[in-house]
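Student: This is the content of model.csv (CSV, C-alpha atoms):
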chain,number,residue,atom,x,y,z
A,526,MET,CA,-65.8,-88.2,-101.8
A,527,GLN,CA,-63.7,-86.7,-99.0
A,528,ARG,CA,-61.1,-84.2,-99.6
A,529,ARG,CA,-58.2,-83.9,-97.3
A,530,LEU,CA,-56.1,-80.8,-97.1
A,531,GLU,CA,-53.1,-80.4,-94.8
A,532,ASN,CA,-53.0,-77.2,-92.8
A,533,ASP,CA,-50.3,-75.8,-90.4
A,534,ASN,CA,-52.7,-73.5,-88.5
A,535,ALA,CA,-53.1,-76.0,-85.6
A,536,GLU,CA,-49.4,-76.2,-85.0
A,537,VAL,CA,-49.1,-72.4,-84.9
A,538,GLY,CA,-51.9,-72.1,-82.4
A,539,THR,CA,-50.4,-74.9,-80.2
A,540,SER,CA,-47.0,-73.2,-80.2
A,541,ALA,CA,-48.6,-69.8,-79.3
A,542,MET,CA,-50.5,-71.4,-76.4
A,543,ILE,CA,-47.3,-73.1,-75.1
A,544,ILE,CA,-45.4,-69.8,-75.2
A,545,PHE,CA,-48.3,-67.9,-73.5
A,546,ILE,CA,-48.4,-70.5,-70.7
A,547,ALA,CA,-44.6,-70.3,-70.2
A,548,LEU,CA,-44.8,-66.4,-70.0
A,549,VAL,CA,-47.6,-66.6,-67.4
A,550,LEU,CA,-45.6,-69.1,-65.3
A,551,VAL,CA,-42.4,-67.0,-65.4
A,552,SER,CA,-44.2,-63.8,-64.6
A,553,SER,CA,-46.0,-65.5,-61.6
A,554,ILE,CA,-42.6,-66.7,-60.3
A,555,ILE,CA,-41.1,-63.3,-60.6
A,556,SER,CA,-44.1,-61.7,-58.9
A,557,ALA,CA,-43.9,-64.1,-56.0
A,558,ILE,CA,-40.2,-63.3,-55.6
A,559,ILE,CA,-40.8,-59.5,-55.6
A,560,VAL,CA,-43.7,-59.9,-53.1
A,561,GLY,CA,-41.5,-62.0,-50.8
A,562,ILE,CA,-38.6,-59.6,-50.9
A,563,GLY,CA,-41.0,-56.7,-50.2
A,564,GLY,CA,-42.5,-58.5,-47.2
A,565,ASN,CA,-39.1,-59.1,-45.7
A,566,VAL,CA,-38.0,-55.5,-46.2
A,567,LEU,CA,-41.3,-54.3,-44.6
A,568,SER,CA,-41.0,-56.6,-41.6
A,569,GLN,CA,-37.4,-55.7,-41.0
A,570,SER,CA,-38.1,-52.0,-41.2
A,571,LYS,CA,-41.0,-52.5,-38.7
A,572,ASN,CA,-38.7,-54.2,-36.3
A,573,ASP,CA,-36.1,-51.5,-36.6
A,574,ALA,CA,-38.7,-48.8,-36.0
A,575,GLN,CA,-40.0,-50.6,-32.9
A,576,GLN,CA,-36.5,-50.8,-31.5
A,577,ASN,CA,-35.7,-47.1,-32.1
A,578,ILE,CA,-38.9,-45.8,-30.3
A,579,PRO,CA,-38.1,-44.5,-26.8
A,580,SER,CA,-39.6,-46.7,-24.2
A,581,PHE,CA,-42.0,-44.2,-22.6
A,582,LYS,CA,-42.2,-41.2,-24.9
A,583,GLY,CA,-42.2,-38.8,-21.9
A,584,MET,CA,-43.7,-35.4,-22.0
A,585,ALA,CA,-44.4,-33.3,-18.9
A,586,ASN,CA,-47.6,-31.2,-18.5
A,587,VAL,CA,-47.3,-28.3,-16.1
A,588,VAL,CA,-50.6,-27.6,-14.3
A,589,VAL,CA,-49.5,-24.9,-11.9
A,590,LEU,CA,-46.4,-22.7,-12.1
A,591,GLU,CA,-46.2,-19.8,-9.7
A,592,ILE,CA,-43.9,-17.8,-7.4
A,593,ALA,CA,-43.8,-19.5,-4.0
A,594,SER,CA,-41.6,-17.0,-2.2
A,595,LEU,CA,-39.4,-13.9,-2.9
A,596,GLY,CA,-36.5,-12.8,-0.8
A,597,ALA,CA,-33.0,-14.0,-0.2
A,598,ASN,CA,-33.7,-17.3,-2.0
A,599,ASP,CA,-36.6,-17.2,-4.4
A,600,GLU,CA,-38.8,-20.3,-4.9
A,601,ILE,CA,-41.1,-21.5,-7.6
A,602,HIS,CA,-44.1,-23.8,-6.9
A,603,ILE,CA,-44.7,-26.3,-9.7
A,604,VAL,CA,-47.5,-28.9,-10.1
A,605,PHE,CA,-46.9,-31.2,-13.0
A,606,GLU,CA,-47.9,-34.6,-14.4
A,607,LEU,CA,-46.6,-37.0,-17.0
A,608,PRO,CA,-49.8,-37.9,-18.8
A,609,TYR,CA,-48.3,-39.4,-22.0
A,610,VAL,CA,-45.8,-42.0,-20.5
A,611,GLU,CA,-46.3,-45.7,-21.0
A,612,HIS,CA,-44.6,-46.8,-17.8
A,613,SER,CA,-43.4,-45.4,-14.5
A,614,VAL,CA,-40.6,-42.8,-14.9
A,615,ASP,CA,-37.6,-43.1,-12.6
A,616,GLU,CA,-36.9,-40.1,-10.4
A,617,ASP,CA,-33.5,-39.7,-12.0
A,618,ALA,CA,-35.0,-39.5,-15.5
A,619,LEU,CA,-36.6,-36.1,-14.9
A,620,SER,CA,-34.7,-32.9,-14.4
A,621,TRP,CA,-35.2,-29.1,-14.7
A,622,VAL,CA,-33.2,-25.9,-15.5
A,623,ILE,CA,-34.3,-22.3,-14.9
A,624,MET,CA,-32.4,-19.7,-16.9
A,625,CYS,CA,-32.6,-16.1,-15.8
A,626,PHE,CA,-31.6,-13.1,-17.9
A,627,PRO,CA,-30.7,-10.2,-15.4
A,628,SER,CA,-32.0,-6.8,-16.4
A,629,GLY,CA,-29.9,-3.7,-17.1
A,630,GLN,CA,-27.0,-5.5,-18.9
A,631,THR,CA,-25.1,-3.8,-21.6
A,632,GLY,CA,-22.7,-5.5,-24.0
A,633,ARG,CA,-22.2,-9.1,-23.2
A,634,GLN,CA,-25.2,-10.9,-21.8
A,635,THR,CA,-25.0,-12.9,-18.6
A,636,ILE,CA,-27.3,-15.8,-17.9
A,637,HIS,CA,-27.9,-17.1,-14.4
A,638,PHE,CA,-29.3,-20.6,-14.1
A,639,ASP,CA,-30.4,-23.1,-11.5
A,640,ASP,CA,-30.8,-26.7,-12.2
A,641,GLY,CA,-31.7,-29.9,-10.4
A,642,ASN,CA,-33.8,-33.0,-10.4
A,643,PHE,CA,-37.2,-33.8,-8.9
A,644,GLU,CA,-36.0,-35.7,-5.8
A,645,LEU,CA,-38.0,-33.4,-3.5
A,646,ALA,CA,-41.2,-33.8,-5.5
A,647,THR,CA,-44.2,-35.2,-3.7
A,648,THR,CA,-47.8,-36.1,-4.5
A,649,LEU,CA,-50.3,-33.3,-3.9
A,650,ASP,CA,-50.7,-34.5,-0.3
A,651,GLY,CA,-47.0,-33.6,0.4
A,652,ASP,CA,-45.5,-30.2,0.7
A,653,GLY,CA,-43.2,-30.4,-2.3
A,654,ARG,CA,-40.1,-29.7,-0.2
A,655,SER,CA,-39.3,-32.9,1.7
A,656,ALA,CA,-38.1,-36.0,0.1
A,657,LEU,CA,-40.6,-38.8,0.5
A,658,PRO,CA,-39.9,-42.4,-0.5
A,659,LEU,CA,-41.1,-41.4,-4.0
A,660,GLU,CA,-38.8,-43.1,-6.5
A,661,GLU,CA,-41.0,-43.2,-9.6
A,662,PHE,CA,-43.4,-40.9,-11.3
A,663,GLU,CA,-46.6,-42.7,-12.4
A,664,PRO,CA,-48.6,-41.7,-15.5
A,665,GLY,CA,-51.5,-39.3,-14.9
A,666,ILE,CA,-50.7,-38.5,-11.3
A,667,ASP,CA,-50.2,-34.8,-10.3
A,668,TYR,CA,-46.9,-34.1,-8.4
A,669,ARG,CA,-45.8,-31.0,-6.5
A,670,MET,CA,-42.4,-29.5,-5.9
A,671,ILE,CA,-41.0,-26.2,-4.6
A,672,ILE,CA,-38.0,-25.3,-6.8
A,673,PRO,CA,-35.3,-23.4,-4.9
A,674,LEU,CA,-33.5,-20.7,-6.8
A,675,ASN,CA,-30.0,-19.9,-5.6
A,676,GLU,CA,-28.6,-18.1,-8.7
A,677,CYS,CA,-31.7,-16.5,-10.2
A,678,ASP,CA,-33.2,-13.4,-8.5
A,679,LEU,CA,-36.8,-13.1,-9.8
A,680,GLU,CA,-36.9,-9.4,-8.7
A,681,ASP,CA,-34.0,-8.5,-11.0
A,682,VAL,CA,-34.6,-10.3,-14.2
A,683,ASP,CA,-35.9,-9.3,-17.6
A,684,SER,CA,-37.0,-12.8,-18.5
A,685,ALA,CA,-36.7,-16.4,-17.3
A,686,THR,CA,-37.2,-19.8,-18.8
A,687,LEU,CA,-38.0,-23.1,-17.3
A,688,VAL,CA,-36.8,-26.2,-19.2
A,689,MET,CA,-38.0,-29.7,-18.1
A,690,ILE,CA,-36.1,-32.7,-19.5
A,691,VAL,CA,-37.5,-36.2,-19.6
A,692,ASP,CA,-34.9,-38.9,-20.4
A,693,LYS,CA,-35.8,-40.7,-23.6
A,694,GLY,CA,-38.6,-38.2,-24.0
A,695,ARG,CA,-39.2,-34.5,-24.8
A,696,THR,CA,-37.4,-31.4,-23.6
A,697,GLN,CA,-40.0,-28.7,-23.0
A,698,GLU,CA,-39.5,-25.0,-22.4
A,699,TRP,CA,-41.8,-22.5,-20.7
A,700,VAL,CA,-41.2,-18.8,-20.7
A,701,LEU,CA,-41.9,-17.4,-17.2
A,702,ASN,CA,-44.0,-14.2,-17.3
A,703,ILE,CA,-42.4,-12.4,-14.4
A,704,GLY,CA,-43.1,-8.8,-15.3
A,705,THR,CA,-41.6,-5.8,-13.5
A,706,ALA,CA,-43.2,-6.3,-10.1
A,707,PRO,CA,-43.2,-10.0,-9.1
A,708,TYR,CA,-45.2,-11.0,-6.1
A,709,GLN,CA,-45.7,-14.2,-4.1
A,710,GLY,CA,-48.4,-16.4,-5.7
A,711,GLN,CA,-48.0,-14.8,-9.1
A,712,ASP,CA,-49.0,-17.2,-11.9
A,713,LEU,CA,-46.0,-17.6,-14.3
A,714,ASN,CA,-47.8,-19.5,-17.1
Go ahead and render the structure in this file as structure tokens.

Tutor:
Amino acid sequence: MQRRLENDNAEVGTSAMIIFIALVLVSSIISAIIVGIGGNVLSQSKNDAQQNIPSFKGMANVVVLEIASLGANDEIHIVFELPYVEHSVDEDALSWVIMCFPSGQTGRQTIHFDDGNFELATTLDGDGRSALPLEEFEPGIDYRMIIPLNECDLEDVDSATLVMIVDKGRTQEWVLNIGTAPYQGQDLN
């Protein structure tokens, strides 16, 4: 004798399995969409970041900074390099400013400054005064220049500052340690 009983448990289990499979499919589709959107946003931000980075990240390194001559027109001897640039730097992309603060001033302060570019710069073989056919500064090569001061009198200043500007790079500032009795050959670093 066989006894048959009808039971609804199998239908409930089948329905639960269909709902579970549907939830897994929907969640995998939503996850794929979120990952795709995240990947697009990341690649677009990476492209934007690459476009906003300066092309050569210029930064000057001063090797020697000293007084070349004192007198009617003072001069400063500078030896520098551009060690952190990716490509050659145009002569016009590098400039300097020297700001002098005369001593003995009361009340309103006066600043004298000289400025210019590095068109007279030479390699270490040159004298740093005469323009050579040097049109670009190469990375890692030392250059020399004599900076003429027309406005600043190093014998009559409390302090002075050299600022070097690299286009699409960094602006750097060096305080010149002149002291009360400057002399030719004095190290200003």

Student: I need the residue nearest Gly583 of chain A from this list: A:Phe662, A:Tyr708, A:Phe545, A:Trp699. Use all atoms listed in the file for the distance.

Tutor: A:Phe662

Student: Name the residues in contact with segment 604-608 of chain A at a cut-off of 8 Å, using only C-alpha atoms, excluding same-chain residues fewer than 4 positions from it; report them as an mmCIF file with C-alpha atoms, in the coordinates of the input.

Tutor:
data_model
loop_
_atom_site.group_PDB
_atom_site.id
_atom_site.type_symbol
_atom_site.label_atom_id
_atom_site.label_comp_id
_atom_site.auth_asym_id
_atom_site.auth_seq_id
_atom_site.Cartn_x
_atom_site.Cartn_y
_atom_site.Cartn_z
ATOM 1 C CA GLY A 583 -42.200 -38.800 -21.900
ATOM 2 C CA MET A 584 -43.700 -35.400 -22.000
ATOM 3 C CA ALA A 585 -44.400 -33.300 -18.900
ATOM 4 C CA ASN A 586 -47.600 -31.200 -18.500
ATOM 5 C CA VAL A 587 -47.300 -28.300 -16.100
ATOM 6 C CA VAL A 588 -50.600 -27.600 -14.300
ATOM 7 C CA VAL A 589 -49.500 -24.900 -11.900
ATOM 8 C CA LEU A 590 -46.400 -22.700 -12.100
ATOM 9 C CA PHE A 662 -43.400 -40.900 -11.300
ATOM 10 C CA GLU A 663 -46.600 -42.700 -12.400
ATOM 11 C CA PRO A 664 -48.600 -41.700 -15.500
ATOM 12 C CA GLY A 665 -51.500 -39.300 -14.900
ATOM 13 C CA ILE A 666 -50.700 -38.500 -11.300
ATOM 14 C CA ASP A 667 -50.200 -34.800 -10.300
ATOM 15 C CA TYR A 668 -46.900 -34.100 -8.400
ATOM 16 C CA ARG A 669 -45.800 -31.000 -6.500
ATOM 17 C CA MET A 670 -42.400 -29.500 -5.900
#

Student: Excluding Ala706 of chain A and any residue of its chain fewer than 6 positions from it, enumerate the residues within 12 Å of it, using all atoms listed in the file, and give them as a ChimeraX atom specification.

Tutor: /A:592,595,679-683

Student: Rounded to one decimal in Å, what is the spacing between atom CA of His602 of chain A and atom CA of Arg654 of chain A?

Tutor: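 Between atom CA of His602 of chain A and atom CA of Arg654 of chain A the gap is 9.8 Å.
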
Student: To one decimal place, how far is atom CA of Val610 of chain A from atom CA of Leu687 of chain A in Å?

Tutor: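 Distance reported for this atom pair: 20.7 Å.
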
Student: Using all atoms listed in the file, which residue out of A:Ile703, A:Ile558, A:Leu674, A:Met689 lies closest to Glu600 of chain A?

Tutor: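 Looking only at the distances to Glu600 of chain A, the closest residue turns out to be A:Leu674.
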
Student: One decimal, in Å: what's the spacing between atom CA of Gly694 of chain A and atom CA of Gln711 of chain A?

Tutor: 29.3 Å

Student: Would you mind telling me which residue in A:Leu713, A:Val688, A:Ile543, A:Ile672 lies nearest to Ile601 of chain A when using only C-alpha atoms?

Tutor: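 Closest candidate: A:Ile672.
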
Student: So that I can see what lies close to Glu660 of chain A, please list as a list in words the residues with an atom at most 10 Å from it, counting only C-alpha atoms and leaving out residues fewer than 5 positions away in the same chain.

Tutor: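 Surrounding residues, per the criterion: Ser613, Val614, Asp615, Glu616, Asp617, Phe643, Glu644, Ala646 and Thr647 of chain A.
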
Student: Keeping C-alpha atoms, write segment 553-682 of chain A of the structure just shown out as a short mmCIF file (atom, residue, chain, number, x, y, z; two decimals), in the first residue's frame.

Tutor:
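Now in selection.cif:
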data_model
loop_
_atom_site.label_atom_id
_atom_site.label_comp_id
_atom_site.auth_asym_id
_atom_site.auth_seq_id
_atom_site.Cartn_x
_atom_site.Cartn_y
_atom_site.Cartn_z
CA SER A 553 25.59 41.91 -10.52
CA ILE A 554 24.17 44.26 -13.20
CA ILE A 555 24.13 47.19 -10.75
CA SER A 556 27.69 46.36 -9.62
CA ALA A 557 28.92 46.29 -13.24
CA ILE A 558 27.33 49.70 -13.90
CA ILE A 559 28.94 51.20 -10.76
CA VAL A 560 32.37 49.78 -11.63
CA GLY A 561 32.07 51.08 -15.22
CA ILE A 562 31.14 54.59 -14.05
CA GLY A 563 33.98 54.57 -11.50
CA GLY A 564 36.47 53.52 -14.18
CA ASN A 565 35.35 56.32 -16.50
CA VAL A 566 35.60 58.94 -13.74
CA LEU A 567 39.07 57.71 -12.77
CA SER A 568 40.40 57.76 -16.34
CA GLN A 569 38.97 61.24 -16.98
CA SER A 570 40.51 62.62 -13.78
CA LYS A 571 43.85 61.02 -14.73
CA ASN A 572 43.74 62.71 -18.16
CA ASP A 573 42.85 66.06 -16.56
CA ALA A 574 45.72 65.72 -14.09
CA GLN A 575 48.20 64.95 -16.87
CA GLN A 576 47.08 68.01 -18.83
CA ASN A 577 47.42 70.34 -15.81
CA ILE A 578 50.99 69.34 -14.88
CA PRO A 579 53.61 71.85 -16.07
CA SER A 580 55.65 70.50 -18.92
CA PHE A 581 59.03 70.60 -17.20
CA LYS A 582 58.50 71.23 -13.47
CA GLY A 583 61.45 73.62 -13.36
CA MET A 584 63.42 74.27 -10.22
CA ALA A 585 66.80 75.95 -10.06
CA ASN A 586 69.65 74.81 -7.84
CA VAL A 587 72.23 77.48 -6.96
CA VAL A 588 75.71 76.01 -6.61
CA VAL A 589 77.75 79.21 -6.13
CA LEU A 590 76.48 82.65 -5.11
CA GLU A 591 79.15 85.24 -4.32
CA ILE A 592 80.07 88.88 -4.75
CA ALA A 593 82.01 89.27 -8.02
CA SER A 594 82.88 92.95 -7.63
CA LEU A 595 82.09 96.00 -5.51
CA GLY A 596 82.30 99.62 -6.59
CA ALA A 597 80.26 101.86 -8.87
CA ASN A 598 78.27 98.89 -10.16
CA ASP A 599 78.26 95.84 -7.95
CA GLU A 600 78.14 92.37 -9.52
CA ILE A 601 77.12 88.97 -8.24
CA HIS A 602 78.59 85.73 -9.58
CA ILE A 603 76.10 82.86 -9.75
CA VAL A 604 76.58 79.25 -10.81
CA PHE A 605 73.33 77.34 -11.15
CA GLU A 606 71.78 74.24 -12.66
CA LEU A 607 68.29 73.01 -13.48
CA PRO A 608 68.50 69.40 -12.26
CA TYR A 609 64.79 68.63 -12.09
CA VAL A 610 63.59 69.65 -15.55
CA GLU A 611 62.35 67.08 -18.04
CA HIS A 612 63.26 68.97 -21.21
CA SER A 613 65.49 71.85 -22.22
CA VAL A 614 64.39 75.21 -20.83
CA ASP A 615 64.21 78.18 -23.17
CA GLU A 616 66.45 81.14 -22.29
CA ASP A 617 63.35 83.35 -22.04
CA ALA A 618 61.71 81.02 -19.49
CA LEU A 619 64.24 81.86 -16.75
CA SER A 620 64.55 85.24 -15.02
CA TRP A 621 65.88 86.82 -11.82
CA VAL A 622 65.15 89.69 -9.44
CA ILE A 623 67.41 91.02 -6.67
CA MET A 624 65.67 93.14 -4.04
CA CYS A 625 67.81 95.33 -1.76
CA PHE A 626 66.65 97.01 1.45
CA PRO A 627 68.91 100.05 2.05
CA SER A 628 70.08 100.61 5.63
CA GLY A 629 69.33 103.61 7.81
CA GLN A 630 65.76 104.15 6.63
CA THR A 631 63.14 105.55 8.94
CA GLY A 632 59.43 105.56 8.32
CA ARG A 633 58.49 104.31 4.92
CA GLN A 634 60.76 101.55 3.58
CA THR A 635 62.32 101.84 0.12
CA ILE A 636 63.25 98.78 -1.89
CA HIS A 637 65.75 98.92 -4.72
CA PHE A 638 65.66 96.09 -7.20
CA ASP A 639 67.44 94.86 -10.27
CA ASP A 640 65.94 92.31 -12.61
CA GLY A 641 66.71 90.57 -15.85
CA ASN A 642 66.94 87.29 -17.67
CA PHE A 643 69.79 84.87 -18.20
CA GLU A 644 70.77 85.88 -21.74
CA LEU A 645 74.40 86.42 -20.65
CA ALA A 646 74.66 83.00 -18.99
CA THR A 647 77.34 80.67 -20.26
CA THR A 648 78.50 77.18 -19.45
CA LEU A 649 81.34 76.95 -16.94
CA ASP A 650 83.81 77.32 -19.82
CA GLY A 651 82.54 80.86 -20.50
CA ASP A 652 83.00 84.02 -18.48
CA GLY A 653 79.32 84.56 -17.60
CA ARG A 654 79.32 88.05 -19.08
CA SER A 655 79.15 87.63 -22.83
CA ALA A 656 76.23 86.24 -24.72
CA LEU A 657 77.08 82.99 -26.41
CA PRO A 658 74.78 81.20 -28.82
CA LEU A 659 73.21 79.60 -25.73
CA GLU A 660 69.45 79.53 -26.29
CA GLU A 661 68.40 76.66 -24.01
CA PHE A 662 69.36 75.39 -20.59
CA GLU A 663 69.86 71.63 -20.49
CA PRO A 664 69.02 69.57 -17.39
CA GLY A 665 71.90 68.82 -15.05
CA ILE A 666 74.47 71.16 -16.68
CA ASP A 667 76.06 73.93 -14.59
CA TYR A 668 75.82 77.50 -15.95
CA ARG A 669 77.58 80.67 -14.89
CA MET A 670 76.50 84.30 -15.02
CA ILE A 671 77.67 87.62 -13.65
CA ILE A 672 74.58 89.56 -12.53
CA PRO A 673 75.13 93.34 -12.86
CA LEU A 674 73.49 95.47 -10.15
CA ASN A 675 72.58 98.99 -11.22
CA GLU A 676 70.10 99.92 -8.48
CA CYS A 677 71.34 97.85 -5.53
CA ASP A 678 74.47 98.99 -3.68
CA LEU A 679 75.69 96.00 -1.66
CA GLU A 680 77.81 98.23 0.62
CA ASP A 681 74.69 100.14 1.74
CA VAL A 682 72.06 97.50 2.41
#
